[in-house]
Amino acid sequence: QVQFVESGGGLVQAGGSLKLSCAASGSTLPFNVIGWYRQAPGKERELVADIRSGGRINYADSVKGRFTISRDRAKNTVYLQMDSLKPEDTAVYYCKGTRSWGSEYWGQGTQVTVSS
């Protein structure tokens, strides 16, 4: 059974940094896309950044220049380096893997809180 486990969340002051990790287990089949999403209280879940199997990367406009997504294939892990954090970045961050045929797998989420 495929599992994604996020880690690295926490409380940080505005302007600080955090690095999130998303570790995949349970399958050796590749994912077409792995993405980071976030959901703030009272808001819909939104895409933060994703990385495709061919290496193409996509960022939400709100995080461009501040967040960096990367992957370590050997460790089956995708990272999200978050710099210059703002209070509006406060949310639960989730990773999601999508197979080429459309199946999706979500992690349980990790809380990121940015204080002003």
# chains A, B, ... in the order shown; residues from 1 in each chain; ligands from 1
>>> residues_around(residues="region 4-17 of chain A", least_positions_apart="4", cutoff="6 Å", atoms="only C-alpha atoms", output="PyMOL selection string")
chain A and resi 21-24+82-86+107+109-116
>>> residues_around(residues="Leu80 (chain A)", least_positions_apart="5", cutoff="8 Å", atoms="only C-alpha atoms", output="NGL selection string")
:A and (19-21 or 36 or 67-70)
>>> atom_distance(atom1="CA of Pro41 (chain A)", atom2="CA of Val92 (chain A)")
8.6 Å
>>> residues_around(residues="Arg56 (chain A)", least_positions_apart="3", cutoff="12 Å", atoms="only C-alpha atoms", output="list in words")
Asn32, Val33, Ile34, Gly35, Ala49, Asp50, Ile51, Arg52, Ser53, Tyr59, Ile69, Ser70 and Arg71 of chain A
>>> atom_distance(atom1="CA of Gln1 (chain A)", atom2="CA of Glu46 (chain A)")
25.4 Å
>>> select_by_dssp(residues="chain A", states="strand (DSSP E or B)", output="JSON, numbers by chain")
{"A": [3, 4, 5, 6, 7, 10, 11, 12, 13, 18, 19, 20, 21, 22, 23, 24, 25, 33, 34, 35, 36, 37, 38, 39, 46, 47, 48, 49, 50, 51, 52, 57, 58, 59, 67, 68, 69, 70, 71, 72, 77, 78, 79, 80, 81, 82, 91, 92, 93, 94, 95, 96, 97, 98, 104, 105, 106, 110, 111, 112, 113, 114, 115]}
>>> closest_residue(among="A:Trp101, A:Tyr93, A:Arg45, A:Ser62", to="Leu18 (chain A)", atoms="only C-alpha atoms")
A:Tyr93
>>> atom_distance(atom1="CA of Gly54 (chain A)", atom2="CA of Lys75 (chain A)")
17.4 Å
>>> residues_around(residues="Asp61 (chain A)", least_positions_apart="3", cutoff="10 Å", atoms="only C-alpha atoms", output="ChimeraX atom specification")
/A:48-49,58,64-65
>>> select_by_dssp(residues="chain A", states="helix (DSSP H, G or I)", output="list in words")
Arg73, Ala74, Lys75, Pro87, Glu88 and Asp89 of chain A
>>> residues_around(residues="Tyr105 (chain A)", least_positions_apart="6", cutoff="10 Å", atoms="only C-alpha atoms", output="list in words")
Val2, Gln3, Phe4, Ala24, Phe31, Ile34, Cys95, Lys96, Gly97, Thr98 and Arg99 of chain A
